[in-house]
>>> print(open('structure26.cif').read())   # mmCIF, C-alpha atoms
data_structure
#
loop_
_atom_site.group_PDB
_atom_site.id
_atom_site.type_symbol
_atom_site.label_atom_id
_atom_site.label_comp_id
_atom_site.auth_asym_id
_atom_site.auth_seq_id
_atom_site.Cartn_x
_atom_site.Cartn_y
_atom_site.Cartn_z
ATOM 1 C CA LYS A 12 0.000 0.000 0.000
ATOM 2 C CA ARG A 13 2.833 2.390 0.865
ATOM 3 C CA THR A 14 4.532 1.786 -2.512
ATOM 4 C CA CYS A 15 1.255 2.222 -4.408
ATOM 5 C CA LYS A 16 0.483 5.417 -2.473
ATOM 6 C CA GLN A 17 3.851 7.035 -3.171
ATOM 7 C CA ALA A 18 3.705 6.086 -6.866
ATOM 8 C CA LEU A 19 0.193 7.552 -7.087
ATOM 9 C CA GLN A 20 1.226 10.791 -5.398
ATOM 10 C CA LYS A 21 4.130 11.210 -7.828
ATOM 11 C CA LYS A 22 2.007 10.329 -10.857
ATOM 12 C CA LEU A 23 -0.765 12.813 -10.033
ATOM 13 C CA GLY A 24 1.412 15.665 -8.769
ATOM 14 C CA LEU A 25 0.460 15.384 -5.108
ATOM 15 C CA ASP A 26 2.872 16.040 -2.263
ATOM 16 C CA VAL A 27 4.680 12.758 -1.575
ATOM 17 C CA ASP A 28 3.948 11.856 2.041
ATOM 18 C CA GLU A 29 3.440 8.260 3.135
ATOM 19 C CA ASN A 30 1.716 9.441 6.333
ATOM 20 C CA THR A 31 -1.089 11.309 4.601
ATOM 21 C CA CYS A 32 -4.526 9.741 4.232
ATOM 22 C CA ILE A 33 -5.769 9.637 0.634
ATOM 23 C CA MET A 34 -9.500 9.705 -0.092
ATOM 24 C CA SER A 35 -10.585 9.209 -3.679
ATOM 25 C CA PHE A 36 -13.564 9.257 -6.010
ATOM 26 C CA VAL A 37 -13.698 7.759 -9.492
ATOM 27 C CA GLY A 38 -16.917 7.877 -11.484
ATOM 28 C CA ARG A 39 -19.226 9.896 -13.678
ATOM 29 C CA LEU A 40 -19.320 13.524 -12.613
ATOM 30 C CA THR A 41 -23.075 13.752 -12.098
ATOM 31 C CA ALA A 42 -25.455 14.478 -9.237
ATOM 32 C CA GLN A 43 -26.556 10.812 -9.328
ATOM 33 C CA LYS A 44 -23.038 9.862 -8.205
ATOM 34 C CA GLY A 45 -23.168 12.441 -5.390
ATOM 35 C CA VAL A 46 -20.429 14.640 -6.829
ATOM 36 C CA ASP A 47 -22.319 17.755 -5.723
ATOM 37 C CA LEU A 48 -22.098 16.577 -2.096
ATOM 38 C CA LEU A 49 -18.438 15.746 -2.514
ATOM 39 C CA GLY A 50 -17.832 19.229 -3.900
ATOM 40 C CA ALA A 51 -19.638 20.742 -0.916
ATOM 41 C CA THR A 52 -17.295 18.957 1.517
ATOM 42 C CA VAL A 53 -13.942 19.628 -0.182
ATOM 43 C CA GLU A 54 -13.193 22.853 1.680
ATOM 44 C CA TRP A 55 -14.116 21.290 5.031
ATOM 45 C CA LEU A 56 -11.922 18.262 4.270
ATOM 46 C CA MET A 57 -8.915 20.405 3.352
ATOM 47 C CA GLU A 58 -9.155 22.876 6.244
ATOM 48 C CA ASP A 59 -7.651 22.167 9.663
ATOM 49 C CA HIS A 60 -10.682 22.268 11.925
ATOM 50 C CA LYS A 61 -11.239 18.543 12.305
ATOM 51 C CA ASP A 62 -9.544 18.116 15.700
ATOM 52 C CA GLY A 63 -6.103 17.809 14.111
ATOM 53 C CA LEU A 64 -7.139 15.288 11.443
ATOM 54 C CA SER A 65 -5.968 17.375 8.511
ATOM 55 C CA ASN A 66 -3.172 15.416 6.814
ATOM 56 C CA VAL A 67 -5.442 14.319 3.982
ATOM 57 C CA GLN A 68 -5.313 14.361 0.197
ATOM 58 C CA LEU A 69 -8.265 14.063 -2.167
ATOM 59 C CA ILE A 70 -8.323 12.623 -5.683
ATOM 60 C CA MET A 71 -11.381 12.983 -7.914
ATOM 61 C CA MET A 72 -11.431 11.515 -11.427
ATOM 62 C CA GLY A 73 -14.168 11.302 -14.012
ATOM 63 C CA ASN A 74 -16.007 12.678 -17.021
ATOM 64 C CA GLY A 75 -19.331 14.421 -16.864
ATOM 65 C CA GLU A 76 -21.126 17.683 -16.393
ATOM 66 C CA PRO A 77 -19.111 20.881 -17.044
ATOM 67 C CA CYS A 78 -20.008 22.397 -13.649
ATOM 68 C CA PHE A 79 -18.251 19.488 -11.944
ATOM 69 C CA LYS A 80 -15.226 19.883 -14.205
ATOM 70 C CA ASP A 81 -15.033 23.461 -12.939
ATOM 71 C CA MET A 82 -15.235 22.183 -9.356
ATOM 72 C CA LEU A 83 -12.316 19.785 -9.971
ATOM 73 C CA ASN A 84 -10.221 22.604 -11.447
ATOM 74 C CA TRP A 85 -11.087 24.967 -8.570
ATOM 75 C CA ALA A 86 -10.216 22.421 -5.876
ATOM 76 C CA GLU A 87 -6.939 21.363 -7.495
ATOM 77 C CA THR A 88 -5.862 24.974 -8.017
ATOM 78 C CA ARG A 89 -6.771 26.033 -4.483
ATOM 79 C CA TRP A 90 -5.075 23.092 -2.742
ATOM 80 C CA LYS A 91 -2.248 22.289 -5.146
ATOM 81 C CA GLY A 92 -0.336 19.254 -3.943
ATOM 82 C CA ARG A 93 -3.237 18.067 -1.789
ATOM 83 C CA VAL A 94 -6.054 17.752 -4.336
ATOM 84 C CA CYS A 95 -6.006 16.174 -7.779
ATOM 85 C CA GLY A 96 -8.959 16.912 -10.053
ATOM 86 C CA TYR A 97 -8.524 14.583 -13.031
ATOM 87 C CA TYR A 98 -11.119 15.337 -15.714
ATOM 88 C CA GLY A 99 -11.231 12.320 -17.997
ATOM 89 C CA PHE A 100 -10.961 8.610 -17.523
ATOM 90 C CA SER A 101 -8.208 6.034 -17.828
ATOM 91 C CA PRO A 102 -8.577 2.433 -16.612
ATOM 92 C CA GLN A 103 -4.884 2.363 -15.690
ATOM 93 C CA VAL A 104 -5.154 5.556 -13.642
ATOM 94 C CA GLU A 105 -8.356 4.254 -12.022
ATOM 95 C CA ARG A 106 -6.476 1.130 -10.928
ATOM 96 C CA ASP A 107 -3.606 3.229 -9.577
ATOM 97 C CA ILE A 108 -6.028 5.482 -7.679
ATOM 98 C CA ILE A 109 -7.837 2.549 -6.095
ATOM 99 C CA ALA A 110 -4.584 0.782 -5.203
ATOM 100 C CA GLY A 111 -2.925 3.865 -3.710
ATOM 101 C CA SER A 112 -5.856 5.345 -1.787
ATOM 102 C CA ASP A 113 -6.843 4.627 1.791
ATOM 103 C CA PHE A 114 -10.578 5.308 1.384
ATOM 104 C CA PHE A 115 -12.799 5.155 -1.709
ATOM 105 C CA LEU A 116 -15.826 7.482 -1.785
ATOM 106 C CA MET A 117 -19.118 6.400 -3.369
ATOM 107 C CA PRO A 118 -21.834 8.881 -2.334
ATOM 108 C CA SER A 119 -24.199 7.676 -5.097
ATOM 109 C CA ARG A 120 -27.848 8.620 -4.695
ATOM 110 C CA TYR A 121 -28.716 5.180 -6.087
ATOM 111 C CA GLU A 122 -26.528 2.301 -7.209
ATOM 112 C CA PRO A 123 -28.180 -0.985 -8.263
ATOM 113 C CA CYS A 124 -24.903 -2.895 -7.974
ATOM 114 C CA GLY A 125 -21.623 -1.024 -8.120
ATOM 115 C CA ILE A 126 -18.302 -2.658 -8.879
ATOM 116 C CA PRO A 127 -15.721 -0.062 -7.756
ATOM 117 C CA GLN A 128 -16.382 -0.666 -4.050
ATOM 118 C CA MET A 129 -15.602 -4.370 -4.569
ATOM 119 C CA CYS A 130 -12.409 -3.547 -6.474
ATOM 120 C CA ALA A 131 -11.441 -1.090 -3.736
ATOM 121 C CA MET A 132 -11.816 -3.736 -1.053
ATOM 122 C CA ARG A 133 -9.640 -6.164 -2.993
ATOM 123 C CA TYR A 134 -6.901 -3.505 -3.006
ATOM 124 C CA GLY A 135 -7.305 -2.828 0.723
ATOM 125 C CA THR A 136 -8.980 0.525 0.129
ATOM 126 C CA ILE A 137 -11.890 0.984 2.502
ATOM 127 C CA PRO A 138 -15.142 2.056 0.822
ATOM 128 C CA ILE A 139 -17.240 4.915 2.175
ATOM 129 C CA VAL A 140 -20.642 4.444 0.552
ATOM 130 C CA HIS A 141 -24.207 5.692 0.668
ATOM 131 C CA ALA A 142 -26.255 2.875 2.196
ATOM 132 C CA THR A 143 -28.254 2.100 -0.932
ATOM 133 C CA GLY A 144 -28.701 -0.784 -3.384
ATOM 134 C CA GLY A 145 -25.648 -2.866 -4.155
ATOM 135 C CA LEU A 146 -23.419 -0.629 -2.048
ATOM 136 C CA ARG A 147 -25.355 -1.613 1.055
ATOM 137 C CA ASP A 148 -25.324 -5.268 -0.018
ATOM 138 C CA SER A 149 -21.558 -5.494 -0.527
ATOM 139 C CA VAL A 150 -20.135 -3.336 2.293
ATOM 140 C CA ARG A 151 -20.492 -4.138 5.998
ATOM 141 C CA SER A 152 -20.771 -0.941 8.026
ATOM 142 C CA TRP A 153 -18.433 0.152 10.801
ATOM 143 C CA TYR A 154 -21.449 1.641 12.581
ATOM 144 C CA ALA A 155 -23.279 -1.711 12.749
ATOM 145 C CA ASP A 156 -20.406 -3.894 13.993
ATOM 146 C CA GLU A 157 -16.766 -2.808 14.135
ATOM 147 C CA THR A 158 -15.556 -6.418 14.371
ATOM 148 C CA VAL A 159 -16.838 -7.434 10.919
ATOM 149 C CA ALA A 160 -16.870 -4.040 9.180
ATOM 150 C CA THR A 161 -15.412 -3.645 5.698
ATOM 151 C CA GLY A 162 -16.354 0.009 5.210
ATOM 152 C CA PHE A 163 -18.525 2.936 6.260
ATOM 153 C CA TYR A 164 -22.135 3.860 5.443
ATOM 154 C CA MET A 165 -23.368 7.394 4.879
ATOM 155 C CA TRP A 166 -26.979 7.747 5.964
ATOM 156 C CA PRO A 167 -28.886 9.881 5.300
ATOM 157 C CA LEU A 168 -27.103 11.132 2.205
ATOM 158 C CA ASN A 169 -26.373 14.774 2.944
ATOM 159 C CA GLU A 170 -23.410 17.062 3.545
ATOM 160 C CA ASP A 171 -23.425 16.647 7.337
ATOM 161 C CA SER A 172 -23.554 12.859 7.123
ATOM 162 C CA MET A 173 -20.709 12.847 4.621
ATOM 163 C CA LYS A 174 -18.560 15.037 6.878
ATOM 164 C CA LYS A 175 -19.282 12.798 9.878
ATOM 165 C CA VAL A 176 -18.270 9.648 8.018
ATOM 166 C CA MET A 177 -15.118 11.276 6.630
ATOM 167 C CA PHE A 178 -14.212 12.443 10.141
ATOM 168 C CA ASP A 179 -14.784 8.950 11.573
ATOM 169 C CA ALA A 180 -12.687 7.392 8.791
ATOM 170 C CA LEU A 181 -9.840 9.845 9.432
ATOM 171 C CA ASP A 182 -10.101 9.202 13.164
ATOM 172 C CA LEU A 183 -9.803 5.456 12.533
ATOM 173 C CA TYR A 184 -6.868 5.945 10.154
ATOM 174 C CA PHE A 185 -4.814 8.271 12.367
ATOM 175 C CA ARG A 186 -5.798 7.321 15.918
ATOM 176 C CA ARG A 187 -6.650 3.624 15.730
ATOM 177 C CA PRO A 188 -4.224 2.169 13.194
ATOM 178 C CA GLU A 189 -4.628 -1.415 14.436
ATOM 179 C CA GLN A 190 -8.397 -1.305 13.901
ATOM 180 C CA HIS A 191 -7.903 0.379 10.524
ATOM 181 C CA GLU A 192 -5.506 -2.371 9.459
ATOM 182 C CA ALA A 193 -7.931 -5.078 10.647
ATOM 183 C CA MET A 194 -10.753 -3.518 8.608
ATOM 184 C CA ARG A 195 -8.477 -3.227 5.578
ATOM 185 C CA ARG A 196 -7.561 -6.910 5.814
ATOM 186 C CA ARG A 197 -11.201 -7.959 6.221
ATOM 187 C CA ALA A 198 -12.081 -5.929 3.136
ATOM 188 C CA MET A 199 -9.317 -7.624 1.137
ATOM 189 C CA GLU A 200 -10.621 -11.063 2.141
ATOM 190 C CA GLN A 201 -14.137 -10.489 0.782
ATOM 191 C CA ASP A 202 -15.250 -12.898 -1.937
ATOM 192 C CA PHE A 203 -17.816 -11.571 -4.393
ATOM 193 C CA GLY A 204 -17.583 -14.516 -6.792
ATOM 194 C CA TRP A 205 -20.438 -16.745 -7.828
ATOM 195 C CA PRO A 206 -20.990 -19.801 -5.617
ATOM 196 C CA ARG A 207 -19.461 -22.932 -7.141
#
>>> encode(input="structure26.cif", output="C-alpha cells")
Amino acid sequence: KRTCKQALQKKLGLDVDENTCIMSFVGRLTAQKGVDLLGATVEWLMEDHKDGLSNVQLIMMGNGEPCFKDMLNWAETRWKGRVCGYYGFSPQVERDIIAGSDFFLMPSRYEPCGIPQMCAMRYGTIPIVHATGGLRDSVRSWYADETVATGFYMWPLNEDSMKKVMFDALDLYFRRPEQHEAMRRRAMEQDFGWPR
C-alpha cells in the first residue's frame, strides 16, 4: 500500500507523504453519483478544523457535467499538492487510484450494484458508501459492527452525514491504526464470486 500510495502521489502531482490519508472518487461527474455533495465537503476536508485530522489528500477523477469539471479545477488549483482533479478517464489511472488510496468514496444517490467498491476492497482501500442498493449489499458498516466491518455507510445522504463519516474514517486511520488495518484486511478477504 505504501509503494502504491507514493507512486500515485508522484504520478498525479500530489505532495509525496506516506503518512497522509488519501480519499478518492472515481466515477461519472453527475449528481446521481453524489459529486455535488463531494464538492460541498472539499473545503471542510482540506481545512484544519477537524480536531487535528488534517493530513489528507483528495483525488477525484471522471467525465461528466461541465459544472463538476469546474469544481475539480477549482479544488486542485486552491489546494495544489493536496487535491487532484482529473477530468477524464483512464482504466490504468483508475487502478492506480484505487490501489494507492486509503478510502474510496461512493456517495451515489442510487446504485443498483456497483463494482468499484468491490475492487477497492480487494486492493485494501476501505469504501465509504451511501447505504443504498448494491453498495449496502456489498459493504459491511463500521457503525453496525466494528468487528466485521469492511467500510462505512453514509446515511442519510447529505453534507453533514458525509462530513461525519469522513471524520470517523480519518479518526480510525490516524488514531486507531490497528483497527484500521484489521478492517483493511477484512475488506481484502471479501469474496464476491459466484458460488461454485
>>> atom_distance(input="structure26.cif", atom1="atom CA of Ile137 of chain A", atom2="atom CA of Leu23 of chain A")
20.5 Å
>>> closest_residue(input="structure26.cif", among="A:Arg93, A:Arg151, A:Gly63, A:Ile109", to="Asp28 of chain A", atoms="all atoms listed in the file")
A:Arg93
>>> closest_residue(input="structure26.cif", among="A:Leu56, A:Ser119, A:Ser35, A:Glu170", to="Glu105 of chain A", atoms="only C-alpha atoms")
A:Ser35
>>> resolve_selection(input="structure26.cif", expression="the PyMOL selection byres ((chain A and resi 120) around 7)", output="ChimeraX atom specification")
/A:43-45,118-119,121-122
>>> atom_distance(input="structure26.cif", atom1="atom CA of Pro123 of chain A", atom2="atom CA of Gly96 of chain A")
26.3 Å
>>> closest_residue(input="structure26.cif", among="A:Ser172, A:Asn30, A:Asn74, A:Asn66", to="Lys12 of chain A", atoms="all atoms listed in the file")
A:Asn30
>>> resolve_selection(input="structure26.cif", expression="the PyMOL selection byres ((chain A and resi 48) around 9)", output="NGL selection string")
:A and (42 or 45-47 or 49-53 or 118 or 168-170 or 173)
>>> write_last_selection(input="structure26.cif", atoms="C-alpha atoms", output="PDB file, in the frame of the given file")
ATOM      1  CA  ALA A  42     -25.455  14.478  -9.237  1.00  0.00           C
ATOM      2  CA  GLY A  45     -23.168  12.441  -5.390  1.00  0.00           C
ATOM      3  CA  VAL A  46     -20.429  14.640  -6.829  1.00  0.00           C
ATOM      4  CA  ASP A  47     -22.319  17.755  -5.723  1.00  0.00           C
ATOM      5  CA  LEU A  49     -18.438  15.746  -2.514  1.00  0.00           C
ATOM      6  CA  GLY A  50     -17.832  19.229  -3.900  1.00  0.00           C
ATOM      7  CA  ALA A  51     -19.638  20.742  -0.916  1.00  0.00           C
ATOM      8  CA  THR A  52     -17.295  18.957   1.517  1.00  0.00           C
ATOM      9  CA  VAL A  53     -13.942  19.628  -0.182  1.00  0.00           C
ATOM     10  CA  PRO A 118     -21.834   8.881  -2.334  1.00  0.00           C
ATOM     11  CA  LEU A 168     -27.103  11.132   2.205  1.00  0.00           C
ATOM     12  CA  ASN A 169     -26.373  14.774   2.944  1.00  0.00           C
ATOM     13  CA  GLU A 170     -23.410  17.062   3.545  1.00  0.00           C
ATOM     14  CA  MET A 173     -20.709  12.847   4.621  1.00  0.00           C
TER      15      MET A 173
END
>>> closest_residue(input="structure26.cif", among="A:Arg89, A:Asp171, A:Met194, A:Arg106", to="Glu58 of chain A", atoms="all atoms listed in the file")
A:Arg89
>>> residues_around(input="structure26.cif", residues="Arg133 of chain A", least_positions_apart="2", cutoff="12 Å", atoms="all atoms listed in the file", output="PyMOL selection string")
chain A and resi 12+106+109-110+115+126-131+135-138+161+194-203
>>> write_last_selection(input="structure26.cif", atoms="C-alpha atoms", output="PDB file, in the frame of the given file")
ATOM      1  CA  LYS A  12       0.000   0.000   0.000  1.00  0.00           C
ATOM      2  CA  ARG A 106      -6.476   1.130 -10.928  1.00  0.00           C
ATOM      3  CA  ILE A 109      -7.837   2.549  -6.095  1.00  0.00           C
ATOM      4  CA  ALA A 110      -4.584   0.782  -5.203  1.00  0.00           C
ATOM      5  CA  PHE A 115     -12.799   5.155  -1.709  1.00  0.00           C
ATOM      6  CA  ILE A 126     -18.302  -2.658  -8.879  1.00  0.00           C
ATOM      7  CA  PRO A 127     -15.721  -0.062  -7.756  1.00  0.00           C
ATOM      8  CA  GLN A 128     -16.382  -0.666  -4.050  1.00  0.00           C
ATOM      9  CA  MET A 129     -15.602  -4.370  -4.569  1.00  0.00           C
ATOM     10  CA  CYS A 130     -12.409  -3.547  -6.474  1.00  0.00           C
ATOM     11  CA  ALA A 131     -11.441  -1.090  -3.736  1.00  0.00           C
ATOM     12  CA  GLY A 135      -7.305  -2.828   0.723  1.00  0.00           C
ATOM     13  CA  THR A 136      -8.980   0.525   0.129  1.00  0.00           C
ATOM     14  CA  ILE A 137     -11.890   0.984   2.502  1.00  0.00           C
ATOM     15  CA  PRO A 138     -15.142   2.056   0.822  1.00  0.00           C
ATOM     16  CA  THR A 161     -15.412  -3.645   5.698  1.00  0.00           C
ATOM     17  CA  MET A 194     -10.753  -3.518   8.608  1.00  0.00           C
ATOM     18  CA  ARG A 195      -8.477  -3.227   5.578  1.00  0.00           C
ATOM     19  CA  ARG A 196      -7.561  -6.910   5.814  1.00  0.00           C
ATOM     20  CA  ARG A 197     -11.201  -7.959   6.221  1.00  0.00           C
ATOM     21  CA  ALA A 198     -12.081  -5.929   3.136  1.00  0.00           C
ATOM     22  CA  MET A 199      -9.317  -7.624   1.137  1.00  0.00           C
ATOM     23  CA  GLU A 200     -10.621 -11.063   2.141  1.00  0.00           C
ATOM     24  CA  GLN A 201     -14.137 -10.489   0.782  1.00  0.00           C
ATOM     25  CA  ASP A 202     -15.250 -12.898  -1.937  1.00  0.00           C
ATOM     26  CA  PHE A 203     -17.816 -11.571  -4.393  1.00  0.00           C
TER      27      PHE A 203
END
>>> resolve_selection(input="structure26.cif", expression="the PyMOL selection byres ((chain A and resi 99-102) around 12)", output="list in words")
Phe36, Val37, Gly38, Arg39, Leu40, Met71, Met72, Gly73, Asn74, Gly75, Glu76, Pro77, Phe79, Lys80, Leu83, Gly96, Tyr97, Tyr98, Gln103, Val104, Glu105, Arg106, Asp107, Ile108, Ile109 and Pro127 of chain A
>>> decode(input="structure26.cif", residues="segment 70-82 of chain A", atoms="N, CA and C atoms", output="mmCIF file, in the first residue's frame")
data_model
loop_
_atom_site.group_PDB
_atom_site.id
_atom_site.type_symbol
_atom_site.label_atom_id
_atom_site.label_comp_id
_atom_site.auth_asym_id
_atom_site.auth_seq_id
_atom_site.Cartn_x
_atom_site.Cartn_y
_atom_site.Cartn_z
ATOM 1 N N ILE A 70 -8.426 12.841 -4.237
ATOM 2 C CA ILE A 70 -8.323 12.623 -5.683
ATOM 3 C C ILE A 70 -9.733 12.411 -6.215
ATOM 4 N N MET A 71 -10.086 13.146 -7.262
ATOM 5 C CA MET A 71 -11.381 12.983 -7.914
ATOM 6 C C MET A 71 -11.131 12.834 -9.409
ATOM 7 N N MET A 72 -11.633 11.745 -9.995
ATOM 8 C CA MET A 72 -11.431 11.515 -11.427
ATOM 9 C C MET A 72 -12.746 11.132 -12.078
ATOM 10 N N GLY A 73 -13.005 11.708 -13.248
ATOM 11 C CA GLY A 73 -14.168 11.302 -14.012
ATOM 12 C C GLY A 73 -14.485 12.268 -15.132
ATOM 13 N N ASN A 74 -15.430 11.852 -15.964
ATOM 14 C CA ASN A 74 -16.007 12.678 -17.021
ATOM 15 C C ASN A 74 -17.416 13.040 -16.597
ATOM 16 N N GLY A 75 -17.944 14.116 -17.177
ATOM 17 C CA GLY A 75 -19.331 14.421 -16.864
ATOM 18 C C GLY A 75 -19.684 15.863 -17.090
ATOM 19 N N GLU A 76 -20.546 16.363 -16.232
ATOM 20 C CA GLU A 76 -21.126 17.683 -16.393
ATOM 21 C C GLU A 76 -20.068 18.778 -16.216
ATOM 22 N N PRO A 77 -20.117 19.812 -17.084
ATOM 23 C CA PRO A 77 -19.111 20.881 -17.044
ATOM 24 C C PRO A 77 -18.988 21.572 -15.683
ATOM 25 N N CYS A 78 -20.096 21.721 -14.954
ATOM 26 C CA CYS A 78 -20.008 22.397 -13.649
ATOM 27 C C CYS A 78 -19.113 21.611 -12.695
ATOM 28 N N PHE A 79 -19.105 20.296 -12.817
ATOM 29 C CA PHE A 79 -18.251 19.488 -11.944
ATOM 30 C C PHE A 79 -16.795 19.516 -12.407
ATOM 31 N N LYS A 80 -16.595 19.686 -13.714
ATOM 32 C CA LYS A 80 -15.226 19.883 -14.205
ATOM 33 C C LYS A 80 -14.649 21.159 -13.597
ATOM 34 N N ASP A 81 -15.471 22.204 -13.549
ATOM 35 C CA ASP A 81 -15.033 23.461 -12.939
ATOM 36 C C ASP A 81 -14.697 23.264 -11.463
ATOM 37 N N MET A 82 -15.487 22.458 -10.772
ATOM 38 C CA MET A 82 -15.235 22.183 -9.356
ATOM 39 C C MET A 82 -13.902 21.464 -9.176
#
